[in-house]
>>> print(open('coords26.tsv').read())   # TSV, C-alpha atoms and all ligand atoms
chain	number	residue	atom	x	y	z
A	1070	MET	CA	93.00	-29.78	-69.52
A	1071	ALA	CA	90.00	-32.06	-69.74
A	1072	VAL	CA	88.98	-35.14	-71.68
A	1073	PHE	CA	85.55	-36.58	-72.47
A	1074	ILE	CA	85.64	-40.39	-72.65
A	1075	THR	CA	82.58	-42.17	-74.02
A	1076	GLY	CA	82.34	-45.84	-73.07
A	1077	GLY	CA	84.17	-44.73	-69.93
A	1078	ALA	CA	82.90	-47.61	-67.80
A	1079	GLY	CA	83.97	-50.44	-70.11
A	1080	PHE	CA	87.22	-52.38	-70.24
A	1081	ILE	CA	89.48	-49.79	-71.87
A	1082	GLY	CA	87.67	-46.65	-70.61
A	1083	PRO	CA	88.60	-46.74	-66.90
A	1084	ALA	CA	92.25	-47.57	-67.67
A	1085	LEU	CA	92.37	-44.67	-70.11
A	1086	ALA	CA	90.68	-42.38	-67.59
A	1087	ASN	CA	93.43	-43.27	-65.08
A	1088	GLU	CA	96.11	-42.43	-67.63
A	1089	PHE	CA	94.56	-38.99	-68.21
A	1090	LEU	CA	94.14	-38.43	-64.45
A	1091	ALA	CA	97.82	-39.23	-63.92
A	1092	ALA	CA	98.68	-36.61	-66.56
A	1093	GLY	CA	96.64	-33.99	-64.69
A	1094	TYR	CA	93.50	-33.95	-66.83
A	1095	ASP	CA	89.94	-33.58	-65.57
A	1096	VAL	CA	87.93	-36.54	-66.83
A	1097	LEU	CA	84.29	-36.66	-67.88
A	1098	ALA	CA	83.29	-40.31	-68.40
A	1099	PHE	CA	80.06	-41.34	-70.10
A	1100	ASP	CA	78.53	-44.80	-70.40
A	1101	ARG	CA	75.24	-46.64	-70.57
A	1102	TYR	CA	76.17	-48.51	-67.37
A	1103	PRO	CA	78.01	-47.27	-64.30
A	1104	PRO	CA	81.49	-48.60	-63.62
A	1105	ASN	CA	81.90	-51.19	-60.89
A	1106	ASP	CA	82.32	-50.09	-57.26
A	1107	LYS	CA	86.06	-50.66	-57.24
A	1108	ILE	CA	86.52	-48.25	-60.15
A	1109	LEU	CA	84.13	-45.70	-58.67
A	1110	ARG	CA	85.97	-45.81	-55.34
A	1111	ALA	CA	89.34	-45.35	-57.04
A	1112	TRP	CA	88.03	-42.40	-59.06
A	1113	GLY	CA	86.45	-40.68	-56.08
A	1114	ASP	CA	85.44	-37.19	-57.16
A	1115	ARG	CA	88.30	-36.91	-59.66
A	1116	VAL	CA	86.18	-38.32	-62.49
A	1117	HIS	CA	82.75	-36.92	-63.30
A	1118	PHE	CA	80.65	-39.87	-64.49
A	1119	VAL	CA	77.41	-39.41	-66.44
A	1120	GLN	CA	75.18	-42.36	-67.20
A	1121	GLY	CA	73.37	-42.27	-70.53
A	1122	ASP	CA	72.98	-43.73	-74.00
A	1123	ILE	CA	75.17	-42.62	-76.91
A	1124	ARG	CA	72.01	-42.81	-79.04
A	1125	ASP	CA	70.55	-39.95	-76.97
A	1126	ARG	CA	71.74	-37.12	-79.21
A	1127	ASP	CA	70.46	-34.29	-77.05
A	1128	LEU	CA	72.23	-35.62	-73.98
A	1129	VAL	CA	75.54	-36.21	-75.77
A	1130	ARG	CA	75.29	-32.80	-77.45
A	1131	SER	CA	74.65	-31.03	-74.18
A	1132	LEU	CA	77.53	-32.85	-72.47
A	1133	ILE	CA	79.94	-31.79	-75.21
A	1134	LYS	CA	78.59	-28.25	-75.12
A	1135	GLU	CA	78.70	-27.83	-71.34
A	1136	SER	CA	81.90	-29.70	-70.57
A	1137	GLY	CA	84.12	-27.92	-73.09
A	1138	THR	CA	86.47	-30.91	-72.96
A	1139	ASP	CA	88.98	-31.46	-75.72
A	1140	PRO	CA	89.88	-34.09	-76.84
A	1141	VAL	CA	86.90	-36.41	-77.00
A	1142	VAL	CA	87.92	-40.07	-76.94
A	1143	HIS	CA	85.06	-42.14	-78.29
A	1144	LEU	CA	85.00	-45.71	-76.96
A	1145	ALA	CA	81.29	-46.43	-76.49
A	1146	GLY	CA	80.27	-49.24	-78.79
A	1147	ILE	CA	79.25	-52.80	-79.48
A	1148	LEU	CA	82.06	-55.26	-80.11
A	1149	THR	CA	82.69	-58.06	-82.64
A	1150	ALA	CA	80.31	-60.90	-81.85
A	1151	GLY	CA	77.72	-58.46	-80.46
A	1152	CYS	CA	77.63	-56.69	-83.83
A	1153	ASP	CA	77.13	-59.93	-85.76
A	1154	ARG	CA	74.38	-60.97	-83.35
A	1155	ASP	CA	72.49	-57.66	-83.81
A	1156	PRO	CA	73.61	-55.62	-86.84
A	1157	ASP	CA	70.78	-53.06	-86.43
A	1158	LEU	CA	71.94	-52.26	-82.91
A	1159	ALA	CA	75.54	-52.15	-84.12
A	1160	LEU	CA	74.67	-49.55	-86.76
A	1161	ALA	CA	72.60	-47.49	-84.31
A	1162	VAL	CA	75.25	-47.47	-81.58
A	1163	ASN	CA	78.56	-47.63	-83.44
A	1164	VAL	CA	77.77	-45.62	-86.56
A	1165	MET	CA	75.16	-43.14	-85.35
A	1166	GLY	CA	76.98	-42.80	-82.02
A	1167	MET	CA	80.11	-41.75	-83.90
A	1168	ARG	CA	78.10	-39.34	-86.02
A	1169	THR	CA	76.61	-37.77	-82.88
A	1170	VAL	CA	80.05	-37.30	-81.33
A	1171	LEU	CA	81.53	-35.83	-84.53
A	1172	GLU	CA	78.62	-33.49	-85.07
A	1173	GLY	CA	78.68	-32.34	-81.43
A	1174	ALA	CA	82.42	-31.70	-81.71
A	1175	ARG	CA	81.92	-29.68	-84.89
A	1176	GLU	CA	78.97	-27.73	-83.53
A	1177	PHE	CA	80.69	-26.72	-80.30
A	1178	GLY	CA	84.18	-26.15	-81.64
A	1179	MET	CA	86.05	-29.14	-80.23
A	1180	ARG	CA	89.39	-29.55	-81.93
A	1181	ARG	CA	90.09	-33.26	-81.65
A	1182	VAL	CA	88.10	-36.52	-81.71
A	1183	VAL	CA	89.89	-39.84	-81.25
A	1184	MET	CA	88.22	-43.21	-81.81
A	1185	ALA	CA	89.10	-46.82	-81.11
A	1186	SER	CA	88.79	-48.70	-84.38
A	1187	THR	CA	89.84	-52.25	-85.13
A	1188	ILE	CA	92.06	-54.38	-87.33
A	1189	GLY	CA	88.70	-55.97	-88.29
A	1190	VAL	CA	88.38	-53.29	-91.00
A	1191	TYR	CA	90.95	-55.14	-93.17
A	1192	GLY	CA	90.08	-57.78	-95.70
A	1193	GLN	CA	91.25	-61.37	-96.03
A	1194	ASN	CA	94.21	-62.70	-98.05
A	1195	LEU	CA	96.32	-59.57	-97.66
A	1196	PRO	CA	100.10	-59.58	-97.92
A	1197	GLN	CA	101.65	-59.64	-94.44
A	1198	PRO	CA	102.40	-57.67	-92.35
A	1199	ILE	CA	99.25	-55.54	-92.66
A	1200	LYS	CA	99.83	-51.81	-93.02
A	1201	GLU	CA	97.28	-49.03	-92.52
A	1202	SER	CA	97.14	-48.41	-96.28
A	1203	TRP	CA	96.11	-52.01	-97.10
A	1204	PRO	CA	92.60	-52.50	-98.58
A	1205	THR	CA	89.69	-52.40	-96.15
A	1206	GLU	CA	87.09	-55.09	-96.81
A	1207	PRO	CA	85.66	-56.06	-93.44
A	1208	ASP	CA	84.39	-59.57	-92.97
A	1209	GLY	CA	81.76	-58.76	-90.35
A	1210	TRP	CA	79.40	-56.09	-89.07
A	1211	TYR	CA	81.85	-54.87	-86.45
A	1212	GLY	CA	84.48	-54.00	-89.05
A	1213	VAL	CA	81.81	-52.42	-91.28
A	1214	THR	CA	80.58	-50.13	-88.49
A	1215	LYS	CA	84.13	-49.16	-87.52
A	1216	LEU	CA	85.13	-48.49	-91.13
A	1217	MET	CA	82.05	-46.30	-91.57
A	1218	SER	CA	83.00	-44.47	-88.37
A	1219	GLU	CA	86.55	-43.89	-89.60
A	1220	GLN	CA	85.24	-42.64	-92.93
A	1221	MET	CA	82.87	-40.22	-91.20
A	1222	GLY	CA	85.76	-38.94	-89.11
A	1223	LEU	CA	87.85	-38.38	-92.24
A	1224	LEU	CA	84.94	-36.56	-93.87
A	1225	TYR	CA	84.84	-34.19	-90.86
A	1226	VAL	CA	88.55	-33.57	-91.39
A	1227	ARG	CA	88.01	-32.61	-95.03
A	1228	ARG	CA	84.80	-30.66	-94.58
A	1229	HIS	CA	85.25	-29.06	-91.19
A	1230	GLY	CA	88.95	-29.23	-90.35
A	1231	LEU	CA	88.34	-31.46	-87.32
A	1232	ASP	CA	91.46	-33.17	-85.97
A	1233	PHE	CA	90.12	-36.73	-86.18
A	1234	ARG	CA	92.44	-39.60	-85.23
A	1235	ALA	CA	91.97	-43.34	-84.80
A	1236	VAL	CA	93.78	-46.41	-83.57
A	1237	ARG	CA	93.10	-49.77	-85.18
A	1238	PHE	CA	93.51	-52.10	-82.23
A	1239	ALA	CA	94.24	-55.82	-82.34
A	1240	ALA	CA	92.29	-57.71	-79.65
A	1241	VAL	CA	92.90	-55.86	-76.40
A	1242	THR	CA	93.80	-58.35	-73.70
A	1243	GLY	CA	93.87	-57.83	-69.95
A	1244	PRO	CA	92.18	-58.37	-66.62
A	1245	GLY	CA	88.66	-57.11	-65.96
A	1246	ARG	CA	86.89	-57.73	-69.26
A	1247	THR	CA	83.23	-58.74	-69.07
A	1248	ALA	CA	81.21	-61.09	-71.24
A	1249	GLY	CA	78.67	-58.28	-71.73
A	1250	SER	CA	80.98	-56.49	-74.15
A	1251	GLY	CA	80.07	-58.96	-76.91
A	1252	SER	CA	83.73	-59.35	-77.84
A	1253	ALA	CA	84.87	-62.49	-79.66
A	1254	SER	CA	88.37	-62.19	-78.17
A	1255	LEU	CA	87.41	-62.61	-74.51
A	1256	PHE	CA	89.25	-65.93	-74.38
A	1257	THR	CA	92.60	-64.11	-74.73
A	1258	SER	CA	91.91	-62.44	-71.37
A	1259	PHE	CA	89.80	-65.09	-69.67
A	1260	ILE	CA	92.27	-67.99	-70.04
A	1261	PRO	CA	94.70	-66.44	-67.52
A	1262	GLU	CA	92.07	-64.48	-65.57
A	1263	MET	CA	89.72	-67.39	-64.78
A	1264	ALA	CA	92.67	-69.57	-63.80
A	1265	ALA	CA	93.99	-66.85	-61.48
A	1266	LYS	CA	90.53	-66.68	-59.88
A	1267	GLY	CA	90.53	-70.45	-59.43
A	1268	LEU	CA	87.53	-70.86	-61.75
A	1269	PRO	CA	87.14	-73.52	-64.47
A	1270	TYR	CA	86.84	-72.06	-67.98
A	1271	GLU	CA	85.19	-73.36	-71.14
A	1272	ILE	CA	87.24	-71.87	-73.97
A	1273	GLU	CA	84.94	-70.65	-76.79
A	1274	VAL	CA	87.46	-71.36	-79.57
A	1275	GLU	CA	89.49	-74.28	-80.89
A	1276	PRO	CA	93.00	-74.91	-79.49
A	1277	ASP	CA	94.74	-73.94	-82.74
A	1278	VAL	CA	93.15	-70.49	-82.98
A	1279	ILE	CA	95.77	-67.78	-83.45
A	1280	TYR	CA	94.81	-64.19	-82.69
A	1281	PRO	CA	96.56	-60.80	-82.96
A	1282	VAL	CA	96.53	-59.09	-79.55
A	1283	VAL	CA	97.78	-56.07	-77.64
A	1284	TYR	CA	97.99	-55.82	-73.86
A	1285	ILE	CA	95.65	-53.31	-72.18
A	1286	LYS	CA	98.54	-51.23	-70.77
A	1287	ASP	CA	100.13	-50.95	-74.20
A	1288	ALA	CA	96.75	-50.19	-75.83
A	1289	VAL	CA	95.94	-47.41	-73.36
A	1290	ASN	CA	99.41	-45.96	-73.73
A	1291	ALA	CA	98.93	-45.80	-77.52
A	1292	LEU	CA	95.50	-44.20	-77.22
A	1293	PHE	CA	96.77	-41.63	-74.73
A	1294	ARG	CA	99.74	-40.74	-76.92
A	1295	LEU	CA	97.55	-40.36	-80.00
A	1296	ALA	CA	95.00	-38.25	-78.09
A	1297	THR	CA	97.58	-35.88	-76.64
A	1298	VAL	CA	100.43	-35.57	-79.14
A	1299	GLU	CA	100.35	-32.14	-80.78
A	1300	GLN	CA	100.89	-33.38	-84.35
A	1301	ALA	CA	99.95	-36.82	-85.63
A	1302	PRO	CA	101.25	-37.01	-89.20
A	1303	ARG	CA	98.80	-39.82	-90.03
A	1304	ARG	CA	95.16	-40.06	-89.03
A	1305	ILE	CA	95.00	-43.83	-88.46
A	1306	TYR	CA	97.46	-46.13	-86.65
A	1307	ASN	CA	97.63	-49.91	-86.27
A	1308	ILE	CA	98.19	-50.97	-82.66
A	1309	GLY	CA	99.11	-54.60	-81.96
A	1310	SER	CA	101.93	-56.45	-80.27
A	1311	GLY	CA	101.97	-59.97	-81.70
A	1312	ARG	CA	99.82	-63.06	-81.75
A	1313	ILE	CA	98.71	-65.60	-79.21
A	1314	VAL	CA	98.17	-69.26	-80.01
A	1315	THR	CA	95.32	-70.49	-77.82
A	1316	SER	CA	96.89	-73.83	-76.87
A	1317	GLU	CA	100.20	-72.07	-76.09
A	1318	MET	CA	98.44	-69.58	-73.82
A	1319	VAL	CA	96.76	-72.47	-72.03
A	1320	ALA	CA	100.17	-74.15	-71.61
A	1321	ALA	CA	101.72	-70.90	-70.30
A	1322	VAL	CA	98.95	-70.56	-67.72
A	1323	LYS	CA	99.20	-74.22	-66.69
A	1324	ALA	CA	102.96	-73.86	-66.26
A	1325	ARG	CA	102.24	-71.12	-63.70
A	1326	LEU	CA	98.99	-72.50	-62.26
A	1327	PRO	CA	99.03	-76.33	-62.70
A	1328	GLU	CA	95.60	-76.64	-61.05
A	1329	ALA	CA	93.92	-74.51	-63.79
A	1330	GLN	CA	90.92	-76.23	-65.37
A	1331	PHE	CA	90.19	-75.72	-69.07
A	1332	THR	CA	87.85	-77.41	-71.51
A	1333	TYR	CA	87.24	-76.44	-75.12
A	1334	LYS	CA	83.68	-75.64	-76.24
A	1335	PRO	CA	83.96	-73.71	-79.52
A	1336	ASP	CA	81.08	-71.29	-80.17
A	1337	PRO	CA	80.09	-71.09	-83.87
A	1338	VAL	CA	79.59	-67.28	-83.88
A	1339	ILE	CA	82.91	-66.67	-82.11
A	1340	MET	CA	84.72	-69.18	-84.35
A	1341	SER	CA	83.38	-67.44	-87.46
A	1342	VAL	CA	84.93	-64.18	-86.23
A	1343	VAL	CA	88.29	-65.48	-85.01
A	1344	ARG	CA	89.03	-67.98	-87.78
A	1345	GLY	CA	89.87	-65.23	-90.30
A	1346	TYR	CA	92.80	-63.81	-88.29
A	1347	ARG	CA	95.15	-66.78	-88.06
A	1348	ASP	CA	97.86	-65.57	-90.44
A	1349	TRP	CA	97.65	-61.89	-89.57
A	1350	GLU	CA	100.63	-59.87	-88.56
A	1351	ILE	CA	100.01	-56.22	-87.76
A	1352	ASP	CA	102.57	-53.64	-88.89
A	1353	CYS	CA	102.90	-50.93	-86.23
A	1354	THR	CA	105.82	-49.05	-87.76
A	1355	ALA	CA	103.75	-45.89	-88.19
A	1356	ALA	CA	102.87	-45.74	-84.47
A	1357	ALA	CA	106.52	-46.30	-83.56
A	1358	GLU	CA	107.73	-43.59	-85.93
A	1359	ASP	CA	105.09	-40.94	-85.26
A	1360	LEU	CA	104.02	-41.57	-81.66
A	1361	GLY	CA	107.11	-43.26	-80.24
A	1362	TRP	CA	104.84	-46.18	-79.29
A	1363	ARG	CA	106.25	-49.66	-78.85
A	1364	PRO	CA	104.55	-52.51	-77.02
A	1365	ALA	CA	106.13	-53.48	-73.69
A	1366	TYR	CA	104.27	-56.78	-73.12
A	1367	SER	CA	104.96	-60.10	-74.86
A	1368	ALA	CA	102.36	-62.91	-74.71
A	1369	GLU	CA	104.12	-64.48	-71.70
A	1370	GLN	CA	104.33	-61.12	-69.93
A	1371	MET	CA	100.58	-60.57	-70.52
A	1372	VAL	CA	99.84	-63.87	-68.81
A	1373	ASP	CA	102.09	-62.95	-65.86
A	1374	ASP	CA	100.60	-59.49	-65.49
A	1375	ILE	CA	96.98	-60.70	-65.67
A	1376	ILE	CA	97.64	-63.36	-63.01
A	1377	THR	CA	99.45	-60.87	-60.76
A	1378	THR	CA	96.74	-58.21	-61.15
A	1379	VAL	CA	93.90	-60.64	-60.43
A	1380	ARG	CA	95.69	-61.98	-57.36
A	1381	GLN	CA	96.24	-58.48	-56.01
A	1382	GLY	CA	92.43	-58.09	-56.18
B	1401	LIG	N1	88.62	-54.66	-76.55
B	1401	LIG	C1	89.07	-54.86	-77.79
B	1401	LIG	O1	89.63	-55.92	-78.10
B	1401	LIG	C2	88.93	-53.80	-78.82
B	1401	LIG	C3	89.59	-53.94	-80.05
B	1401	LIG	C4	89.42	-52.97	-81.04
B	1401	LIG	C5	88.64	-51.87	-80.77
B	1401	LIG	N2	87.99	-51.76	-79.57
B	1401	LIG	C6	87.12	-50.63	-79.36
B	1401	LIG	O2	87.45	-49.96	-78.15
B	1401	LIG	C7	86.26	-49.43	-77.57
B	1401	LIG	C8	86.19	-49.87	-76.11
B	1401	LIG	O3	86.19	-51.28	-76.07
B	1401	LIG	P1	86.20	-52.10	-74.71
B	1401	LIG	O4	87.08	-53.25	-74.90
B	1401	LIG	O5	86.42	-51.18	-73.58
B	1401	LIG	O6	84.72	-52.66	-74.74
B	1401	LIG	P2	83.60	-52.62	-73.61
B	1401	LIG	O7	82.43	-53.35	-74.15
B	1401	LIG	O8	84.17	-53.08	-72.32
B	1401	LIG	O9	83.30	-51.08	-73.52
B	1401	LIG	C9	82.40	-50.43	-74.38
B	1401	LIG	C10	81.53	-49.57	-73.52
B	1401	LIG	O10	80.56	-48.94	-74.35
B	1401	LIG	C11	79.37	-48.88	-73.62
B	1401	LIG	N3	78.22	-48.78	-74.50
B	1401	LIG	C12	77.73	-49.73	-75.34
B	1401	LIG	N4	76.62	-49.28	-75.91
B	1401	LIG	C13	76.42	-48.02	-75.43
B	1401	LIG	C14	75.43	-47.07	-75.65
B	1401	LIG	N5	74.38	-47.30	-76.46
B	1401	LIG	N6	75.51	-45.88	-75.01
B	1401	LIG	C15	76.53	-45.64	-74.14
B	1401	LIG	N7	77.50	-46.52	-73.90
B	1401	LIG	C16	77.44	-47.72	-74.54
B	1401	LIG	C17	79.32	-50.19	-72.83
B	1401	LIG	O11	78.45	-50.08	-71.71
B	1401	LIG	C18	80.77	-50.39	-72.46
B	1401	LIG	O12	81.05	-49.92	-71.16
B	1401	LIG	C19	85.09	-49.94	-78.40
B	1401	LIG	O13	84.68	-48.93	-79.27
B	1401	LIG	C20	85.69	-51.08	-79.18
B	1401	LIG	O14	85.04	-51.27	-80.41
B	1401	LIG	C21	88.14	-52.70	-78.59
>>> encode(input="coords26.tsv", output="structure tokens")
Amino acid sequence: MAVFITGGAGFIGPALANEFLAAGYDVLAFDRYPPNDKILRAWGDRVHFVQGDIRDRDLVRSLIKESGTDPVVHLAGILTAGCDRDPDLALAVNVMGMRTVLEGAREFGMRRVVMASTIGVYGQNLPQPIKESWPTEPDGWYGVTKLMSEQMGLLYVRRHGLDFRAVRFAAVTGPGRTAGSGSASLFTSFIPEMAAKGLPYEIEVEPDVIYPVVYIKDAVNALFRLATVEQAPRRIYNIGSGRIVTSEMVAAVKARLPEAQFTYKPDPVIMSVVRGYRDWEIDCTAAAEDLGWRPAYSAEQMVDDIITTVRQG
């Protein structure tokens, strides 16, 4: 059993690689940048890491051909704010990257491709809670590129019989995110993480921002289940576990770490992304019914786990 994880050195990739390792899979991880030393040390020779660009079709093609891994879990991509800052790059990486992975899978007979999509594909003013069948009218370039990627995957199902599957994640929160990801939801991870590191933090959003989240351990568990379950009755699953209110997260951290230093410095690009989500509630009934997935971490438990993990180094 082997899995090919693109974006394997990012935030979700190494945690997912560990989940597959624990289940006895060989892991081929691919990313534009190498993972940090701590991850590399933990992987040892159990993960084969290849550095390269998802836009390099020949390289990705040859990796799929030679590795013979199945499934492919496609995580390489540009996130929310990064997409709005550079839509051309977002299209080249997110959309054409997906096309390269799908085409490689078709060409070399892979059975299953799984992608990490986003709740950002939905439109505004929807009835709550939001189900997978609700209208998709993304409000930004990130959602557009992910919706196009989903649609390409579904086309490969119809035309080529590929077993394409996707999760639509809420903001994935947890320790070890980096600013380089271009994500607008970094504050949901950084509020507890910076405090646990004893660093002051300028929060990039306003105190009343409310955001749908899912904890990294729950997110990885969902992705692993979807990638490995024999039959997935639906192709696309919402994955979220509730909402955080920024000022409440700050209060929860301060209750645990009274010395934590926060100031608010809202960033206009980030605010334009996060503002739209305040009333959103994500319906995850389909994932519970079909995959047996239920989130284990509440907002308070996320804060506790991030602080504990950071302190353990
Ligand atoms: N983190 C979230 O909140 C969230 C929510 C919904 C969906 N997702 C999706 O999950 C996936 C993983 O997200 P993440 O949180 O780990 O983000 P991340 O930014 O930490 O990881 C993405 C990885 O893709 C790599 N990458 C970017 N451009 C590349 C390129 N041209 N070639 C090769 N690799 C490239 C980056 O180096 C990075 O390691 C992404 O596709 C993202 O859109 C994430």
>>> residues_around(input="coords26.tsv", residues="stretch 1083-1089 of chain A", least_positions_apart="3", cutoff="9 Å", atoms="all atoms listed in the file", output="JSON, numbers by chain")
{"A": [1071, 1072, 1074, 1076, 1077, 1078, 1079, 1080, 1092, 1093, 1094, 1095, 1096, 1097, 1098, 1104, 1108, 1112, 1116, 1285, 1286, 1289, 1290, 1292, 1293]}
>>> atom_distance(input="coords26.tsv", atom1="atom CA of A:Leu1144", atom2="atom CA of A:Leu1231")
17.9 Å
>>> atom_distance(input="coords26.tsv", atom1="atom CA of A:Asp1155", atom2="atom CA of A:Gly1251")
10.3 Å
>>> residues_near_ligand(input="coords26.tsv", ligand="ligand LIG 1401 (chain B)", cutoff="7 Å", atoms="only C-alpha atoms and all ligand atoms", output="PyMOL selection string")
chain A and resi 1075-1082+1099-1102+1121-1124+1143-1148+1162+1185-1188+1237-1242+1246-1247+1249-1252+1254
>>> residues_around(input="coords26.tsv", residues="A:Arg1325", least_positions_apart="4", cutoff="10 Å", atoms="only C-alpha atoms", output="count of residues only")
9
>>> atom_distance(input="coords26.tsv", atom1="atom CA of A:Arg1304", atom2="atom CA of A:Ala1235")
6.2 Å
>>> residues_around(input="coords26.tsv", residues="stretch 1345-1352 of chain A", least_positions_apart="6", cutoff="8 Å", atoms="all atoms listed in the file", output="PyMOL selection string")
chain A and resi 1193+1197-1201+1239+1278-1281+1307-1312
>>> residues_around(input="coords26.tsv", residues="A:Pro1276", least_positions_apart="4", cutoff="8 Å", atoms="only C-alpha atoms", output="list in words")
Val1314, Thr1315, Ser1316 and Tyr1333 of chain A
>>> axis_aligned_box(input="coords26.tsv", around="stretch 1272-1279 of chain A", padding_each_side="6 Å", output="JSON")
{"center_x": 90.4, "center_y": -71.3, "center_z": -78.7, "size_x": 22.8, "size_y": 19.1, "size_z": 21.5}
>>> residues_around(input="coords26.tsv", residues="A:Val1182", least_positions_apart="2", cutoff="12 Å", atoms="all atoms listed in the file", output="ChimeraX atom specification")
/A:1072-1075,1133,1138-1144,1167-1175,1178-1180,1184-1185,1218-1219,1221-1223,1225-1226,1230-1236,1292,1295-1297,1304
>>> write_last_selection(input="coords26.tsv", atoms="C-alpha atoms", output="PDB file, in the coordinates of the input")
ATOM      1  CA  VAL A1072      88.980 -35.140 -71.680  1.00  0.00           C
ATOM      2  CA  PHE A1073      85.550 -36.580 -72.470  1.00  0.00           C
ATOM      3  CA  ILE A1074      85.640 -40.390 -72.650  1.00  0.00           C
ATOM      4  CA  THR A1075      82.580 -42.170 -74.020  1.00  0.00           C
ATOM      5  CA  ILE A1133      79.940 -31.790 -75.210  1.00  0.00           C
ATOM      6  CA  THR A1138      86.470 -30.910 -72.960  1.00  0.00           C
ATOM      7  CA  ASP A1139      88.980 -31.460 -75.720  1.00  0.00           C
ATOM      8  CA  PRO A1140      89.880 -34.090 -76.840  1.00  0.00           C
ATOM      9  CA  VAL A1141      86.900 -36.410 -77.000  1.00  0.00           C
ATOM     10  CA  VAL A1142      87.920 -40.070 -76.940  1.00  0.00           C
ATOM     11  CA  HIS A1143      85.060 -42.140 -78.290  1.00  0.00           C
ATOM     12  CA  LEU A1144      85.000 -45.710 -76.960  1.00  0.00           C
ATOM     13  CA  MET A1167      80.110 -41.750 -83.900  1.00  0.00           C
ATOM     14  CA  ARG A1168      78.100 -39.340 -86.020  1.00  0.00           C
ATOM     15  CA  THR A1169      76.610 -37.770 -82.880  1.00  0.00           C
ATOM     16  CA  VAL A1170      80.050 -37.300 -81.330  1.00  0.00           C
ATOM     17  CA  LEU A1171      81.530 -35.830 -84.530  1.00  0.00           C
ATOM     18  CA  GLU A1172      78.620 -33.490 -85.070  1.00  0.00           C
ATOM     19  CA  GLY A1173      78.680 -32.340 -81.430  1.00  0.00           C
ATOM     20  CA  ALA A1174      82.420 -31.700 -81.710  1.00  0.00           C
ATOM     21  CA  ARG A1175      81.920 -29.680 -84.890  1.00  0.00           C
ATOM     22  CA  GLY A1178      84.180 -26.150 -81.640  1.00  0.00           C
ATOM     23  CA  MET A1179      86.050 -29.140 -80.230  1.00  0.00           C
ATOM     24  CA  ARG A1180      89.390 -29.550 -81.930  1.00  0.00           C
ATOM     25  CA  MET A1184      88.220 -43.210 -81.810  1.00  0.00           C
ATOM     26  CA  ALA A1185      89.100 -46.820 -81.110  1.00  0.00           C
ATOM     27  CA  SER A1218      83.000 -44.470 -88.370  1.00  0.00           C
ATOM     28  CA  GLU A1219      86.550 -43.890 -89.600  1.00  0.00           C
ATOM     29  CA  MET A1221      82.870 -40.220 -91.200  1.00  0.00           C
ATOM     30  CA  GLY A1222      85.760 -38.940 -89.110  1.00  0.00           C
ATOM     31  CA  LEU A1223      87.850 -38.380 -92.240  1.00  0.00           C
ATOM     32  CA  TYR A1225      84.840 -34.190 -90.860  1.00  0.00           C
ATOM     33  CA  VAL A1226      88.550 -33.570 -91.390  1.00  0.00           C
ATOM     34  CA  GLY A1230      88.950 -29.230 -90.350  1.00  0.00           C
ATOM     35  CA  LEU A1231      88.340 -31.460 -87.320  1.00  0.00           C
ATOM     36  CA  ASP A1232      91.460 -33.170 -85.970  1.00  0.00           C
ATOM     37  CA  PHE A1233      90.120 -36.730 -86.180  1.00  0.00           C
ATOM     38  CA  ARG A1234      92.440 -39.600 -85.230  1.00  0.00           C
ATOM     39  CA  ALA A1235      91.970 -43.340 -84.800  1.00  0.00           C
ATOM     40  CA  VAL A1236      93.780 -46.410 -83.570  1.00  0.00           C
ATOM     41  CA  LEU A1292      95.500 -44.200 -77.220  1.00  0.00           C
ATOM     42  CA  LEU A1295      97.550 -40.360 -80.000  1.00  0.00           C
ATOM     43  CA  ALA A1296      95.000 -38.250 -78.090  1.00  0.00           C
ATOM     44  CA  THR A1297      97.580 -35.880 -76.640  1.00  0.00           C
ATOM     45  CA  ARG A1304      95.160 -40.060 -89.030  1.00  0.00           C
TER      46      ARG A1304
END
>>> closest_residue(input="coords26.tsv", among="A:Ile1305, A:Val1274, A:Met1263, A:Val1322", to="A:Val1379", atoms="all atoms listed in the file")
A:Met1263
